[in-house]
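Written out below as structure tokens is the structure these notes cover.
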Amino acid sequence: MAALWTLSLLLSACLLWPTCLALTPPAELPQPHNLPPSLGLNSSDVSLSVDLPMALRVFSVDYHHVQAPFEIVLWIMLASLAKLGFHWSGRVPAVVPESCLLIMVGLLVGGVIYGVRHSAPPTLSADAFFLFLLPPIVLDAGYFLPGRLFFENLGTILWYAVLGTLWNVLGIGLSLYGVCLLAQSSLGDVSLLHCLLFGSLIAAVDPVAVLSVFQEMHVNEQLHILVFGESLLNDAVTVVLYKLFESFLRLPSVSGLDVLLGGCRVVVVGLGGLFVGLFFGLVAALTSRFTSRAQVIAPLFVFLYSYLSYLTSEMLHLSGIMAIVTCAVTMKQYVEANVSERSNTSIQYFLKMWSSVSETLIFIFLGVSTIQDVHMWSWPFVCSTLLLCLIWRATGVLLLTAVVNKLRRNTVTFRDQFIIAYGGLRGAICFSLVFLIDDFPKKRLFITTTIVVILFTVFVQGMTIKPLVELLDVKRKKRALPTVSEEIHSRLIDHLLAGIEDVVGYWGQHYWKDKFEQFNKKYLRRFLIREDHQARSSILRVYQELERREQRGDEEAPPLVDPRSNSRPLLPEEMDSIRRILSRNLQNFNNKTPAYSRHTLHQDATTDRTRKPLYRHQSLGERYTYITQVEDAEFNGCRRVRAGLSRSHTVCAISPRPVLQDSSVPAASAQTGGPVDPQSSAAREEQISPQHQQPVGRAPKKQLSFVLESEKQQ
């Protein structure tokens, strides 16, 4: 642990050393010598000469040649060592979130740089954040997004992300404008549009900060997907609203038509990013189909198409966040089916590494950029902003949840609502947006207020949310991986609910999900996945998906071996052998057993008309010629009930007995063996349908009888 912090200090010194070199006064630098005439330069060009050594140099330093990549590598190394030291710091991770410690390291480094240079340390530019650091984080979140949970709660997530964001932006902006009107002496030059612009950026809930905190708590899946999905889509909405209010500020006057066009622009930007991401996702899936002969470059297309969708959306002034999330969600299932397992592992680990480095750099630079000379303080504005962010988010969550709970089967509990409201952490998105504001007298006040809100939410709320989760006894996430049986039963329930919705005529989420699955299986998977990788069994696909999730290790599941047992854990070779056996057996089982769904069941039934079905009452016609006693009405009722049973409940066998003794016949009459009544026999023959009577002159067939399993046990 001490060695890691020592390395961090050495890297900080290395970061300061280039700064000190850059501050060397020009008078101390060596003066260039004049060029000799033999170089072909005129005497007037002597002032443009370069320094030529009089003798060969054995050792030299040319820092300016490698300055930019050298400093980038040093910053990444510092951030990685700080992250590594955090996880080796004993009990600190259980108390302090990782984001808080990284910000403190950034504050320390920024303070040291400021003390040495006596000027502000380097800041994280908005272009560097939005073009290089944010895309890998959003791509990682979208690629590993739990699709089932996300789409089951999509309505609630959009409800929070769109209406909740509008509620916070308008509430905070209008309330801050009222505060500015009350404090005319110090805040009188802040207009309504400036307050709305500041409200749009301060309402941005940062997914980086939310993920870093909620992943450590392991809350239940529903709460995690609501908070994470809301923070992910909230950024897209806040960035669009920020650009809208920024455009309003640059207009000489804002009319009602401008407001209407602004609303249309919000819809176009969101839907445009969605369609751009969908297009690049399908193209990436189609490209991965043809990578069988070059599997080495298969993972590269995942990153290139995703980043290209983000850049294309930014170029067209659309939502880049929506584009890259949609692209990742669209291409995931097809890319995983096309590429090899090694390529899937490479994609997963590279995405995790890339997003982790970007996240660490963001928090480090948040701390470094806090040490600035541009701060302006105003107690009314700063305190009002902090209080209004908490009030408007809490009221918005309570009101929106009260409405959405009337439409949900699994309601959001009050404890979950409290965590959703309390988990609105601010981060680098609002910090980067505030520096993009055009210069006006109170821009420094906006920067200071934004930094205070970020530090308060990350440190105070981020450090206290975990004890609050334990205090409120919020339901935690299941730590074990789901089994194949659980996944199969879950799909069975989905098909059952989809069938019920189809029967009653209700177009619910299961109905549309079933329609999409049918369309996906019939068209998309056949077009986007190679023929040799088409999964012929749904059970096999479930097993392969669970294998990928286990290899990815994203569930942090405990070992499957019971610690109380004395059996040793399985070796890797044994696990590989078991997996091969399961895969081969599932495939063989699928080849022997035809798979069907509710969409193809009626087709299978019609195509098998050539096979003559077996009816239970076919063998009864022969049985009547041997029956020697009149059966009462009770026998007829029993025969009708048993004839309506499903074939899956009976066993078809060749009966060696000419007579099947029914339990409804009285035992006394069965033992007498009296003569056969011809009238009763004739009456029984007349009740038989003509289509089931045996034709005359045909040889008698072997008698078939269906015996209930319960009768066999007796």
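In the structure tokens, the first chain shown is A, the next is B, and so on; residue numbers restart at 1 for each chain, and ligands run from 1 in the order shown.
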Report as a PDB file with N, CA and C atoms, in the first residue's frame all protein, DNA and RNA residues lying within 9 Å of stretch 201-211 of chain A, evaluated on only C-alpha atoms, omitting residues in the same chain fewer than 4 positions from it.
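File written: around25.pdb
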```
ATOM      1  N   SER A  99     -15.177   7.060  -6.097  1.00  0.00           N
ATOM      2  CA  SER A  99     -15.190   8.374  -6.731  1.00  0.00           C
ATOM      3  C   SER A  99     -14.717   9.464  -5.774  1.00  0.00           C
ATOM      4  N   LEU A 134     -16.304  10.403 -22.416  1.00  0.00           N
ATOM      5  CA  LEU A 134     -17.686   9.972 -22.204  1.00  0.00           C
ATOM      6  C   LEU A 134     -18.109   8.798 -23.085  1.00  0.00           C
ATOM      7  N   ILE A 137     -17.563   5.155 -21.648  1.00  0.00           N
ATOM      8  CA  ILE A 137     -18.394   4.875 -20.467  1.00  0.00           C
ATOM      9  C   ILE A 137     -19.819   4.545 -20.892  1.00  0.00           C
ATOM     10  N   VAL A 138     -20.364   5.328 -21.804  1.00  0.00           N
ATOM     11  CA  VAL A 138     -21.734   5.089 -22.269  1.00  0.00           C
ATOM     12  C   VAL A 138     -21.809   3.806 -23.093  1.00  0.00           C
ATOM     13  N   ALA A 141     -21.850   0.922 -20.700  1.00  0.00           N
ATOM     14  CA  ALA A 141     -23.157   0.821 -20.048  1.00  0.00           C
ATOM     15  C   ALA A 141     -24.213   0.267 -20.993  1.00  0.00           C
ATOM     16  N   THR A 165     -36.843  15.113 -15.791  1.00  0.00           N
ATOM     17  CA  THR A 165     -35.817  16.110 -16.131  1.00  0.00           C
ATOM     18  C   THR A 165     -36.444  17.466 -16.429  1.00  0.00           C
ATOM     19  N   ASN A 168     -37.354  19.062 -13.139  1.00  0.00           N
ATOM     20  CA  ASN A 168     -36.207  19.611 -12.412  1.00  0.00           C
ATOM     21  C   ASN A 168     -35.654  20.859 -13.081  1.00  0.00           C
ATOM     22  N   VAL A 169     -35.556  20.829 -14.410  1.00  0.00           N
ATOM     23  CA  VAL A 169     -34.979  21.979 -15.120  1.00  0.00           C
ATOM     24  C   VAL A 169     -35.849  23.217 -14.939  1.00  0.00           C
ATOM     25  N   ILE A 172     -35.978  24.237 -11.002  1.00  0.00           N
ATOM     26  CA  ILE A 172     -34.749  24.868 -10.503  1.00  0.00           C
ATOM     27  C   ILE A 172     -34.520  26.209 -11.190  1.00  0.00           C
ATOM     28  N   LEU A 196     -32.506  29.350 -16.586  1.00  0.00           N
ATOM     29  CA  LEU A 196     -32.954  28.095 -17.197  1.00  0.00           C
ATOM     30  C   LEU A 196     -31.779  27.312 -17.778  1.00  0.00           C
ATOM     31  N   LEU A 197     -30.799  28.018 -18.359  1.00  0.00           N
ATOM     32  CA  LEU A 197     -29.610  27.352 -18.869  1.00  0.00           C
ATOM     33  C   LEU A 197     -28.836  26.673 -17.739  1.00  0.00           C
ATOM     34  N   GLN A 215     -23.008   0.256  -7.930  1.00  0.00           N
ATOM     35  CA  GLN A 215     -22.420  -1.059  -8.154  1.00  0.00           C
ATOM     36  C   GLN A 215     -21.775  -1.613  -6.891  1.00  0.00           C
ATOM     37  N   GLU A 216     -21.354  -0.739  -5.981  1.00  0.00           N
ATOM     38  CA  GLU A 216     -20.742  -1.194  -4.743  1.00  0.00           C
ATOM     39  C   GLU A 216     -21.789  -1.628  -3.714  1.00  0.00           C
ATOM     40  N   VAL A 227     -32.596   3.602 -11.513  1.00  0.00           N
ATOM     41  CA  VAL A 227     -31.659   4.705 -11.273  1.00  0.00           C
ATOM     42  C   VAL A 227     -30.672   4.834 -12.425  1.00  0.00           C
ATOM     43  N   PHE A 228     -30.138   3.698 -12.864  1.00  0.00           N
ATOM     44  CA  PHE A 228     -29.141   3.740 -13.930  1.00  0.00           C
ATOM     45  C   PHE A 228     -29.757   4.172 -15.258  1.00  0.00           C
ATOM     46  N   GLY A 229     -30.907   3.605 -15.616  1.00  0.00           N
ATOM     47  CA  GLY A 229     -31.553   3.988 -16.862  1.00  0.00           C
ATOM     48  C   GLY A 229     -31.978   5.444 -16.869  1.00  0.00           C
ATOM     49  N   GLU A 230     -32.472   5.916 -15.731  1.00  0.00           N
ATOM     50  CA  GLU A 230     -32.871   7.332 -15.645  1.00  0.00           C
ATOM     51  C   GLU A 230     -31.669   8.255 -15.781  1.00  0.00           C
ATOM     52  N   SER A 231     -30.550   7.916 -15.156  1.00  0.00           N
ATOM     53  CA  SER A 231     -29.355   8.754 -15.266  1.00  0.00           C
ATOM     54  C   SER A 231     -28.764   8.715 -16.666  1.00  0.00           C
ATOM     55  N   LEU A 232     -28.880   7.567 -17.339  1.00  0.00           N
ATOM     56  CA  LEU A 232     -28.326   7.443 -18.688  1.00  0.00           C
ATOM     57  C   LEU A 232     -29.120   8.267 -19.695  1.00  0.00           C
ATOM     58  N   ASN A 234     -31.260  10.618 -18.848  1.00  0.00           N
ATOM     59  CA  ASN A 234     -31.333  11.983 -18.352  1.00  0.00           C
ATOM     60  C   ASN A 234     -30.261  12.864 -18.971  1.00  0.00           C
ATOM     61  N   ASP A 235     -29.076  12.289 -19.214  1.00  0.00           N
ATOM     62  CA  ASP A 235     -28.000  13.071 -19.823  1.00  0.00           C
ATOM     63  C   ASP A 235     -28.361  13.512 -21.224  1.00  0.00           C
ATOM     64  N   ALA A 236     -28.969  12.603 -21.980  1.00  0.00           N
ATOM     65  CA  ALA A 236     -29.370  12.965 -23.342  1.00  0.00           C
ATOM     66  C   ALA A 236     -30.378  14.109 -23.326  1.00  0.00           C
ATOM     67  N   VAL A 237     -31.321  14.078 -22.400  1.00  0.00           N
ATOM     68  CA  VAL A 237     -32.341  15.134 -22.329  1.00  0.00           C
ATOM     69  C   VAL A 237     -31.730  16.452 -21.875  1.00  0.00           C
ATOM     70  N   THR A 238     -30.860  16.402 -20.863  1.00  0.00           N
ATOM     71  CA  THR A 238     -30.266  17.641 -20.354  1.00  0.00           C
ATOM     72  C   THR A 238     -29.342  18.297 -21.379  1.00  0.00           C
ATOM     73  N   VAL A 239     -28.579  17.507 -22.119  1.00  0.00           N
ATOM     74  CA  VAL A 239     -27.704  18.084 -23.149  1.00  0.00           C
ATOM     75  C   VAL A 239     -28.537  18.745 -24.241  1.00  0.00           C
ATOM     76  N   LEU A 241     -31.612  20.008 -23.887  1.00  0.00           N
ATOM     77  CA  LEU A 241     -32.197  21.232 -23.319  1.00  0.00           C
ATOM     78  C   LEU A 241     -31.145  22.322 -23.143  1.00  0.00           C
ATOM     79  N   TYR A 242     -29.922  21.927 -22.790  1.00  0.00           N
ATOM     80  CA  TYR A 242     -28.849  22.914 -22.647  1.00  0.00           C
ATOM     81  C   TYR A 242     -28.573  23.611 -23.980  1.00  0.00           C
ATOM     82  N   GLU A 359     -13.417   6.710 -16.560  1.00  0.00           N
ATOM     83  CA  GLU A 359     -14.075   7.108 -15.318  1.00  0.00           C
ATOM     84  C   GLU A 359     -13.072   7.618 -14.289  1.00  0.00           C
ATOM     85  N   ILE A 362     -11.796  11.065 -15.264  1.00  0.00           N
ATOM     86  CA  ILE A 362     -12.808  12.109 -15.057  1.00  0.00           C
ATOM     87  C   ILE A 362     -12.808  12.571 -13.607  1.00  0.00           C
ATOM     88  N   PHE A 363     -12.794  11.638 -12.662  1.00  0.00           N
ATOM     89  CA  PHE A 363     -12.816  12.029 -11.252  1.00  0.00           C
ATOM     90  C   PHE A 363     -11.508  12.689 -10.834  1.00  0.00           C
ATOM     91  N   THR A 385     -29.274  27.005  -4.673  1.00  0.00           N
ATOM     92  CA  THR A 385     -29.120  25.965  -5.694  1.00  0.00           C
ATOM     93  C   THR A 385     -29.029  24.587  -5.063  1.00  0.00           C
ATOM     94  N   CYS A 389     -32.007  21.768  -5.639  1.00  0.00           N
ATOM     95  CA  CYS A 389     -31.722  20.492  -6.316  1.00  0.00           C
ATOM     96  C   CYS A 389     -32.302  19.323  -5.528  1.00  0.00           C
ATOM     97  N   ARG A 393     -35.950  17.455  -6.937  1.00  0.00           N
ATOM     98  CA  ARG A 393     -35.801  16.045  -7.316  1.00  0.00           C
ATOM     99  C   ARG A 393     -36.673  15.153  -6.440  1.00  0.00           C
ATOM    100  N   GLY A 423     -30.263   9.391  -4.728  1.00  0.00           N
ATOM    101  CA  GLY A 423     -29.158   8.967  -5.589  1.00  0.00           C
ATOM    102  C   GLY A 423     -28.933   9.837  -6.800  1.00  0.00           C
ATOM    103  N   GLY A 424     -29.475  11.034  -6.831  1.00  0.00           N
ATOM    104  CA  GLY A 424     -29.248  11.938  -7.960  1.00  0.00           C
ATOM    105  C   GLY A 424     -27.907  12.637  -7.846  1.00  0.00           C
ATOM    106  N   LEU A 425     -26.832  11.929  -8.126  1.00  0.00           N
ATOM    107  CA  LEU A 425     -25.478  12.466  -7.990  1.00  0.00           C
ATOM    108  C   LEU A 425     -25.092  13.240  -9.248  1.00  0.00           C
ATOM    109  N   ARG A 426     -24.457  14.373  -9.037  1.00  0.00           N
ATOM    110  CA  ARG A 426     -23.945  15.167 -10.148  1.00  0.00           C
ATOM    111  C   ARG A 426     -22.471  14.849 -10.365  1.00  0.00           C
ATOM    112  N   GLY A 427     -22.016  15.085 -11.611  1.00  0.00           N
ATOM    113  CA  GLY A 427     -20.634  14.727 -11.907  1.00  0.00           C
ATOM    114  C   GLY A 427     -20.057  15.556 -13.027  1.00  0.00           C
ATOM    115  N   ALA A 428     -19.314  14.870 -13.903  1.00  0.00           N
ATOM    116  CA  ALA A 428     -18.509  15.564 -14.897  1.00  0.00           C
ATOM    117  C   ALA A 428     -19.335  16.175 -16.014  1.00  0.00           C
ATOM    118  N   ILE A 429     -20.553  15.708 -16.238  1.00  0.00           N
ATOM    119  CA  ILE A 429     -21.342  16.251 -17.349  1.00  0.00           C
ATOM    120  C   ILE A 429     -21.726  17.702 -17.085  1.00  0.00           C
ATOM    121  N   CYS A 430     -22.263  17.967 -15.903  1.00  0.00           N
ATOM    122  CA  CYS A 430     -22.606  19.360 -15.596  1.00  0.00           C
ATOM    123  C   CYS A 430     -21.345  20.212 -15.442  1.00  0.00           C
ATOM    124  N   PHE A 431     -20.236  19.603 -14.972  1.00  0.00           N
ATOM    125  CA  PHE A 431     -18.982  20.354 -14.848  1.00  0.00           C
ATOM    126  C   PHE A 431     -18.449  20.753 -16.221  1.00  0.00           C
ATOM    127  N   LEU A 433     -20.325  21.071 -19.010  1.00  0.00           N
ATOM    128  CA  LEU A 433     -21.273  21.983 -19.654  1.00  0.00           C
ATOM    129  C   LEU A 433     -21.150  23.408 -19.152  1.00  0.00           C
ATOM    130  N   VAL A 434     -20.802  23.567 -17.874  1.00  0.00           N
ATOM    131  CA  VAL A 434     -20.754  24.926 -17.327  1.00  0.00           C
ATOM    132  C   VAL A 434     -19.607  25.724 -17.934  1.00  0.00           C
ATOM    133  N   THR A 450     -21.574  25.066  -9.424  1.00  0.00           N
ATOM    134  CA  THR A 450     -21.560  23.707  -9.974  1.00  0.00           C
ATOM    135  C   THR A 450     -20.567  22.824  -9.229  1.00  0.00           C
ATOM    136  N   VAL A 453     -22.023  21.864  -5.806  1.00  0.00           N
ATOM    137  CA  VAL A 453     -23.073  20.844  -5.911  1.00  0.00           C
ATOM    138  C   VAL A 453     -22.466  19.472  -6.194  1.00  0.00           C
ATOM    139  N   VAL A 458     -21.410  14.064  -4.375  1.00  0.00           N
ATOM    140  CA  VAL A 458     -20.504  12.915  -4.420  1.00  0.00           C
ATOM    141  C   VAL A 458     -20.028  12.536  -3.030  1.00  0.00           C
ATOM    142  N   GLY A 462     -23.011  10.489  -1.625  1.00  0.00           N
ATOM    143  CA  GLY A 462     -22.366   9.244  -2.015  1.00  0.00           C
ATOM    144  C   GLY A 462     -21.853   8.438  -0.836  1.00  0.00           C
TER     145      GLY A 462
END
```
Would you mind listing what lies within 7 Å of stretch 334-342 of chain A as a PyMOL selection string, with only C-alpha atoms counted and same-chain residues fewer than 4 positions away left out?
chain A and resi 285+288-289+295+298+346+528-530+533
A:Leu226 environment, 10 Å, only C-alpha atoms, sequence neighbours closer than 2 positions dropped, as a PyMOL selection string:
chain A and resi 149-150+153-154+156-158+160-161+221-224+228-232+412+416+420
With N, CA and C atoms retained, write the just-selected residues as a compact mmCIF listing (two decimals), in the first residue's frame.
```txt
# COMPACT_ATOMS: atom_id res chain seq x y z
N LEU A 149 -34.57 -6.43 -18.04
CA LEU A 149 -34.99 -5.48 -17.02
C LEU A 149 -35.22 -4.10 -17.60
N PHE A 150 -34.34 -3.70 -18.53
CA PHE A 150 -34.46 -2.35 -19.09
C PHE A 150 -35.76 -2.19 -19.87
N ASN A 153 -38.96 -2.18 -17.76
CA ASN A 153 -39.16 -0.93 -17.02
C ASN A 153 -38.94 0.29 -17.91
N LEU A 154 -39.01 0.12 -19.23
CA LEU A 154 -38.71 1.23 -20.13
C LEU A 154 -39.69 2.39 -19.96
N THR A 156 -41.33 3.33 -17.24
CA THR A 156 -41.01 4.06 -16.01
C THR A 156 -39.72 4.85 -16.16
N ILE A 157 -38.73 4.27 -16.84
CA ILE A 157 -37.45 4.97 -17.04
C ILE A 157 -37.65 6.22 -17.89
N LEU A 158 -38.41 6.11 -18.97
CA LEU A 158 -38.69 7.30 -19.79
C LEU A 158 -39.53 8.31 -19.02
N TYR A 160 -39.37 8.90 -15.80
CA TYR A 160 -38.43 9.64 -14.94
C TYR A 160 -37.47 10.51 -15.74
N ALA A 161 -36.95 9.97 -16.86
CA ALA A 161 -35.89 10.66 -17.59
C ALA A 161 -36.40 11.89 -18.33
N GLU A 221 -32.36 -5.52 -8.54
CA GLU A 221 -32.28 -5.25 -9.98
C GLU A 221 -33.22 -4.15 -10.42
N GLN A 222 -34.43 -4.12 -9.87
CA GLN A 222 -35.39 -3.11 -10.30
C GLN A 222 -34.94 -1.72 -9.92
N LEU A 223 -34.46 -1.54 -8.70
CA LEU A 223 -33.99 -0.23 -8.26
C LEU A 223 -32.76 0.19 -9.05
N HIS A 224 -31.85 -0.73 -9.29
CA HIS A 224 -30.63 -0.40 -10.02
C HIS A 224 -30.93 0.03 -11.44
N PHE A 228 -30.14 3.70 -12.86
CA PHE A 228 -29.14 3.74 -13.93
C PHE A 228 -29.76 4.17 -15.26
N GLY A 229 -30.91 3.61 -15.62
CA GLY A 229 -31.55 3.99 -16.86
C GLY A 229 -31.98 5.44 -16.87
N GLU A 230 -32.47 5.92 -15.73
CA GLU A 230 -32.87 7.33 -15.64
C GLU A 230 -31.67 8.25 -15.78
N SER A 231 -30.55 7.92 -15.16
CA SER A 231 -29.35 8.75 -15.27
C SER A 231 -28.76 8.72 -16.67
N LEU A 232 -28.88 7.57 -17.34
CA LEU A 232 -28.33 7.44 -18.69
C LEU A 232 -29.12 8.27 -19.69
N VAL A 412 -43.21 0.66 -7.22
CA VAL A 412 -41.97 1.16 -6.63
C VAL A 412 -42.27 1.55 -5.19
N ASP A 416 -37.56 2.51 -2.10
CA ASP A 416 -36.90 2.67 -3.38
C ASP A 416 -37.04 4.10 -3.90
N ILE A 420 -33.98 6.54 -4.98
CA ILE A 420 -33.94 7.17 -6.30
C ILE A 420 -33.76 8.68 -6.16
```
From a DSSP pass on the backbone, collect the residues of stretch 325-557 of chain A flagged as alpha helix (DSSP H) and hand them back as an MDAnalysis selection string.
chainID A and resid 325:338 341:370 379:404 414:422 428:435 443:455 462:472 484:504 509:519 525:528 538:552
Find the residues around A:Leu131 up to 10 Å (only C-alpha atoms counted), leave out those fewer than 5 positions away in its own chain, and share them as an MDAnalysis selection string.
chainID A and resid 126 136 307 310:311 314 320
Take the residues that were just selected and, keeping C-alpha atoms, output them as an mmCIF file, in the first residue's frame.
```cif
data_model
loop_
_atom_site.group_PDB
_atom_site.id
_atom_site.type_symbol
_atom_site.label_atom_id
_atom_site.label_comp_id
_atom_site.auth_asym_id
_atom_site.auth_seq_id
_atom_site.Cartn_x
_atom_site.Cartn_y
_atom_site.Cartn_z
ATOM 1 C CA ALA A 126 -15.370 20.033 -22.745
ATOM 2 C CA PRO A 136 -16.420 4.549 -23.723
ATOM 3 C CA TYR A 307 -17.796 5.475 -31.911
ATOM 4 C CA TYR A 310 -21.565 8.873 -31.653
ATOM 5 C CA LEU A 311 -19.465 11.127 -33.900
ATOM 6 C CA GLU A 314 -22.627 14.953 -32.869
ATOM 7 C CA GLY A 320 -24.755 11.164 -29.329
#
```
What are the nearest atom pairs, with distances in Å to one decimal, for all residues of stretch 83-131 of chain A that come at most 12 Å from stretch 65-79 of chain A, using only C-alpha atoms, set out by chain and rising residue number as a tab-separated table?
```
residue	atom	partner	partner_atom	distance
A:Lys83	CA	A:Ala79	CA	6.2
A:Leu84	CA	A:Ala79	CA	8.6
A:Gly85	CA	A:Ala79	CA	9.9
A:Phe86	CA	A:Ala79	CA	10.6
A:Glu98	CA	A:Ala79	CA	11.7
A:Ser99	CA	A:Ala79	CA	11.4
A:Leu101	CA	A:Ala79	CA	10.9
A:Leu102	CA	A:Ala79	CA	7.7
A:Ile103	CA	A:Ala79	CA	10.3
A:Met104	CA	A:Ala79	CA	11.6
A:Val105	CA	A:Ala79	CA	8.7
A:Gly106	CA	A:Ala79	CA	8.9
A:Val109	CA	A:Leu78	CA	9.9
A:Pro122	CA	A:Glu71	CA	11.5
A:Leu124	CA	A:Trp75	CA	11.9
```
Stretch 315-317 of chain A environment, 12 Å, only C-alpha atoms, sequence neighbours closer than 6 positions dropped, as a ChimeraX atom specification:
/A:131,239-240,243-244,265-266,268-273,276,308-309,323
For the selection you just gave me, I'd like the residues written to a file as a CSV table (one decimal), in the first residue's frame, keeping all heavy atoms.
```
chain,number,residue,atom,x,y,z
A,131,LEU,N,-15.8,14.0,-26.4
A,131,LEU,CA,-15.4,13.3,-27.6
A,131,LEU,C,-14.5,12.1,-27.2
A,131,LEU,O,-14.5,11.1,-28.1
A,131,LEU,CB,-14.6,14.2,-28.5
A,131,LEU,CG,-15.4,15.3,-29.1
A,131,LEU,CD1,-14.6,16.2,-30.1
A,131,LEU,CD2,-16.7,14.8,-29.9
A,239,VAL,N,-28.6,17.5,-22.1
A,239,VAL,CA,-27.7,18.1,-23.1
A,239,VAL,C,-28.5,18.7,-24.2
A,239,VAL,O,-28.2,19.8,-24.7
A,239,VAL,CB,-26.8,17.0,-23.7
A,239,VAL,CG1,-26.0,17.5,-24.9
A,239,VAL,CG2,-25.8,16.5,-22.7
A,240,VAL,N,-29.7,18.1,-24.6
A,240,VAL,CA,-30.5,18.7,-25.6
A,240,VAL,C,-31.1,20.0,-25.1
A,240,VAL,O,-31.2,21.0,-25.9
A,240,VAL,CB,-31.6,17.7,-26.1
A,240,VAL,CG1,-32.6,18.4,-27.0
A,240,VAL,CG2,-31.0,16.5,-26.8
A,243,LYS,N,-28.5,22.8,-25.1
A,243,LYS,CA,-28.2,23.4,-26.4
A,243,LYS,C,-29.4,24.3,-26.8
A,243,LYS,O,-29.2,25.3,-27.5
A,243,LYS,CB,-27.9,22.3,-27.4
A,243,LYS,CG,-26.6,21.6,-27.1
A,243,LYS,CD,-26.3,20.5,-28.1
A,243,LYS,CE,-25.0,19.8,-27.8
A,243,LYS,NZ,-24.7,18.8,-28.8
A,244,LEU,N,-30.6,23.9,-26.4
A,244,LEU,CA,-31.8,24.6,-26.8
A,244,LEU,C,-31.8,26.0,-26.1
A,244,LEU,O,-32.0,27.0,-26.8
A,244,LEU,CB,-33.1,23.9,-26.4
A,244,LEU,CG,-34.4,24.5,-26.7
A,244,LEU,CD1,-34.6,24.8,-28.2
A,244,LEU,CD2,-35.5,23.7,-26.1
A,265,ARG,N,-37.5,20.5,-32.0
A,265,ARG,CA,-36.1,20.2,-32.1
A,265,ARG,C,-35.7,19.1,-31.0
A,265,ARG,O,-34.9,18.2,-31.3
A,265,ARG,CB,-35.3,21.5,-31.9
A,265,ARG,CG,-33.8,21.2,-32.0
A,265,ARG,CD,-33.0,22.5,-31.7
A,265,ARG,NE,-31.6,22.3,-31.7
A,265,ARG,CZ,-30.7,23.3,-31.5
A,265,ARG,NH1,-31.1,24.5,-31.4
A,265,ARG,NH2,-29.4,23.0,-31.5
A,266,VAL,N,-36.2,19.2,-29.9
A,266,VAL,CA,-35.9,18.2,-28.8
A,266,VAL,C,-36.3,16.8,-29.3
A,266,VAL,O,-35.6,15.8,-29.1
A,266,VAL,CB,-36.6,18.6,-27.5
A,266,VAL,CG1,-36.5,17.5,-26.5
A,266,VAL,CG2,-36.0,19.9,-26.9
A,268,VAL,N,-36.8,15.8,-32.5
A,268,VAL,CA,-36.0,15.4,-33.6
A,268,VAL,C,-34.6,15.0,-33.2
A,268,VAL,O,-34.0,14.0,-33.7
A,268,VAL,CB,-35.9,16.6,-34.6
A,268,VAL,CG1,-34.8,16.3,-35.7
A,268,VAL,CG2,-37.2,16.8,-35.3
A,269,VAL,N,-34.0,15.7,-32.2
A,269,VAL,CA,-32.6,15.3,-31.7
A,269,VAL,C,-32.6,14.0,-31.1
A,269,VAL,O,-31.8,13.1,-31.3
A,269,VAL,CB,-32.1,16.4,-30.8
A,269,VAL,CG1,-30.9,15.9,-30.0
A,269,VAL,CG2,-31.8,17.7,-31.5
A,270,GLY,N,-33.7,13.7,-30.2
A,270,GLY,CA,-33.7,12.4,-29.6
A,270,GLY,C,-34.0,11.3,-30.5
A,270,GLY,O,-33.3,10.2,-30.5
A,271,LEU,N,-35.0,11.4,-31.4
A,271,LEU,CA,-35.3,10.3,-32.3
A,271,LEU,C,-34.3,10.2,-33.4
A,271,LEU,O,-34.0,9.1,-33.8
A,271,LEU,CB,-36.7,10.6,-33.0
A,271,LEU,CG,-37.9,10.6,-32.1
A,271,LEU,CD1,-39.2,10.8,-32.8
A,271,LEU,CD2,-38.0,9.2,-31.4
A,272,GLY,N,-33.6,11.3,-33.8
A,272,GLY,CA,-32.5,11.2,-34.7
A,272,GLY,C,-31.4,10.4,-34.2
A,272,GLY,O,-30.8,9.5,-34.9
A,273,GLY,N,-31.0,10.6,-33.0
A,273,GLY,CA,-29.9,9.8,-32.4
A,273,GLY,C,-30.3,8.4,-32.3
A,273,GLY,O,-29.5,7.5,-32.4
A,276,VAL,N,-30.0,6.8,-35.8
A,276,VAL,CA,-28.6,6.7,-36.2
A,276,VAL,C,-27.9,5.5,-35.5
A,276,VAL,O,-27.2,4.7,-36.1
A,276,VAL,CB,-27.8,8.0,-35.9
A,276,VAL,CG1,-26.3,7.8,-36.0
A,276,VAL,CG2,-28.3,9.1,-36.8
A,308,LEU,N,-18.3,5.6,-34.3
A,308,LEU,CA,-18.8,6.3,-35.5
A,308,LEU,C,-20.2,6.8,-35.3
A,308,LEU,O,-20.6,7.9,-35.8
A,308,LEU,CB,-18.6,5.4,-36.7
A,308,LEU,CG,-18.8,6.0,-38.1
A,308,LEU,CD1,-17.8,7.1,-38.3
A,308,LEU,CD2,-18.7,4.9,-39.2
A,309,SER,N,-21.1,6.0,-34.7
A,309,SER,CA,-22.4,6.5,-34.5
A,309,SER,C,-22.5,7.7,-33.6
A,309,SER,O,-23.3,8.6,-33.8
A,309,SER,CB,-23.3,5.3,-33.9
A,309,SER,OG,-22.8,5.0,-32.6
A,323,ALA,N,-27.5,7.7,-29.5
A,323,ALA,CA,-27.0,6.9,-30.6
A,323,ALA,C,-26.1,5.8,-30.2
A,323,ALA,O,-26.2,4.6,-30.6
A,323,ALA,CB,-26.2,7.9,-31.6
```
